Amino acid sequence: VVVITPTNNAINVPVSQPIQVRFSEPVVTTTVNSTNLVVSNNSGPLTGAWTLNTDGTLASFAVANGKFRDFDHINLRIKTGITDLVGRALPAEVLSAFTTSDGTPPLISSRSPASGTQAVALNAVVRINYAEAIDPTKFANPTQPITVSLNGAPVAGRIDFILNNTVIVFTPNAPLTSNATYRVTLQPATDLFGNKQTSGDTFTFTTVDLIAPVIQNLTSSAGTTVRVGASTAIVAT
């Protein structure tokens, strides 16, 4: 065995990275299989397929579903069952291992106010929590990753990244308007490993209603005429 890719003890290996083993001479195709080249993690052997290139010197392994798990420790064991074209076996087993990186885009773990919330306080801030750290510089518009709008008009405010870039906070410059529905729009976020969300997020919330009720109509059960000394029920709407 001349070269193994990824190299032994490599870290942050992309989850879609194939395993490749380069031999110093052509080997027998039928010996390149999951019995002689064992790929495993802590749970046991992994399902996948080994292929050999046309000159017989490069074996490649593609894991089932095309990806390893995030942050998984992968082991490779190359057994002496591998033989060259005249039947000579590999002189000794070869062991190698590597650890994969994160291959999953960041997920929003919570929103405050939550989507569809009613009676939100007028001094509320908008807070978006991610399940992992994100890269603030990777937004399509890094200066405006989040927009809070009212009737289509953006609300002026300050944007902060806190808690090691796992939270975005939007603080309005002025109190929110009462009895109003606000829309929050987020650009797709990218984590520290370069995994980008396929789409952003949008949701609405409604602020507290501070408008007192007004009687618009009074209706008598006796109609439009009420006799002196008589009792009648009045309905206010």
# chains A, B, ... in the order shown; residues from 1 in each chain; ligands from 1
>>> closest_atom_pairs(of="segment 57-115 of chain A", to="segment 10-23 of chain A", cutoff="7 Å", atoms="only C-alpha atoms", output="Markdown table")
| residue | atom | partner | partner_atom | distance |
| --- | --- | --- | --- | --- |
| A:Thr57 | CA | A:Phe23 | CA | 4.9 |
| A:Leu58 | CA | A:Arg22 | CA | 4.6 |
| A:Ala59 | CA | A:Val21 | CA | 5.1 |
| A:Ser60 | CA | A:Gln20 | CA | 4.4 |
| A:Phe61 | CA | A:Ile19 | CA | 5.0 |
| A:Ala62 | CA | A:Pro18 | CA | 5.3 |
| A:Gly66 | CA | A:Ser16 | CA | 6.0 |
| A:Lys67 | CA | A:Ser16 | CA | 4.6 |
| A:Phe68 | CA | A:Val15 | CA | 4.8 |
| A:Arg69 | CA | A:Val15 | CA | 6.5 |
| A:Asp70 | CA | A:Val15 | CA | 6.6 |
| A:Phe98 | CA | A:Ala10 | CA | 4.7 |
| A:Thr99 | CA | A:Ile11 | CA | 4.7 |
| A:Thr100 | CA | A:Val13 | CA | 4.3 |
| A:Ser101 | CA | A:Asn12 | CA | 4.0 |
| A:Gly103 | CA | A:Val15 | CA | 5.9 |
>>> residues_around(residues="Val86 of chain A", least_positions_apart="5", cutoff="12 Å", atoms="only C-alpha atoms", output="ChimeraX atom specification")
/A:25-28
>>> write_last_selection(atoms="N, CA and C atoms", output="mmCIF file, in the first residue's frame")
data_model
loop_
_atom_site.group_PDB
_atom_site.id
_atom_site.type_symbol
_atom_site.label_atom_id
_atom_site.label_comp_id
_atom_site.auth_asym_id
_atom_site.auth_seq_id
_atom_site.Cartn_x
_atom_site.Cartn_y
_atom_site.Cartn_z
ATOM 1 N N GLU A 25 1.459 -1.833 -7.229
ATOM 2 C CA GLU A 25 1.340 -2.586 -8.477
ATOM 3 C C GLU A 25 -0.110 -3.043 -8.634
ATOM 4 N N PRO A 26 -0.489 -3.486 -9.821
ATOM 5 C CA PRO A 26 -1.872 -3.947 -10.011
ATOM 6 C C PRO A 26 -2.203 -5.125 -9.097
ATOM 7 N N VAL A 27 -3.445 -5.140 -8.619
ATOM 8 C CA VAL A 27 -3.919 -6.229 -7.760
ATOM 9 C C VAL A 27 -5.079 -6.935 -8.450
ATOM 10 N N VAL A 28 -5.404 -8.119 -7.945
ATOM 11 C CA VAL A 28 -6.492 -8.914 -8.515
ATOM 12 C C VAL A 28 -7.827 -8.277 -8.152
#
>>> atom_distance(atom1="atom CA of Asn165 of chain A", atom2="atom CA of Ser112 of chain A")
16.4 Å
>>> select_by_dssp(residues="segment 66-133 of chain A", states="strand (DSSP E)", output="count of residues only")
23
>>> closest_residue(among="A:Thr202, A:Thr232, A:Asn217, A:Thr80", to="Val148 of chain A", atoms="only C-alpha atoms")
A:Thr202
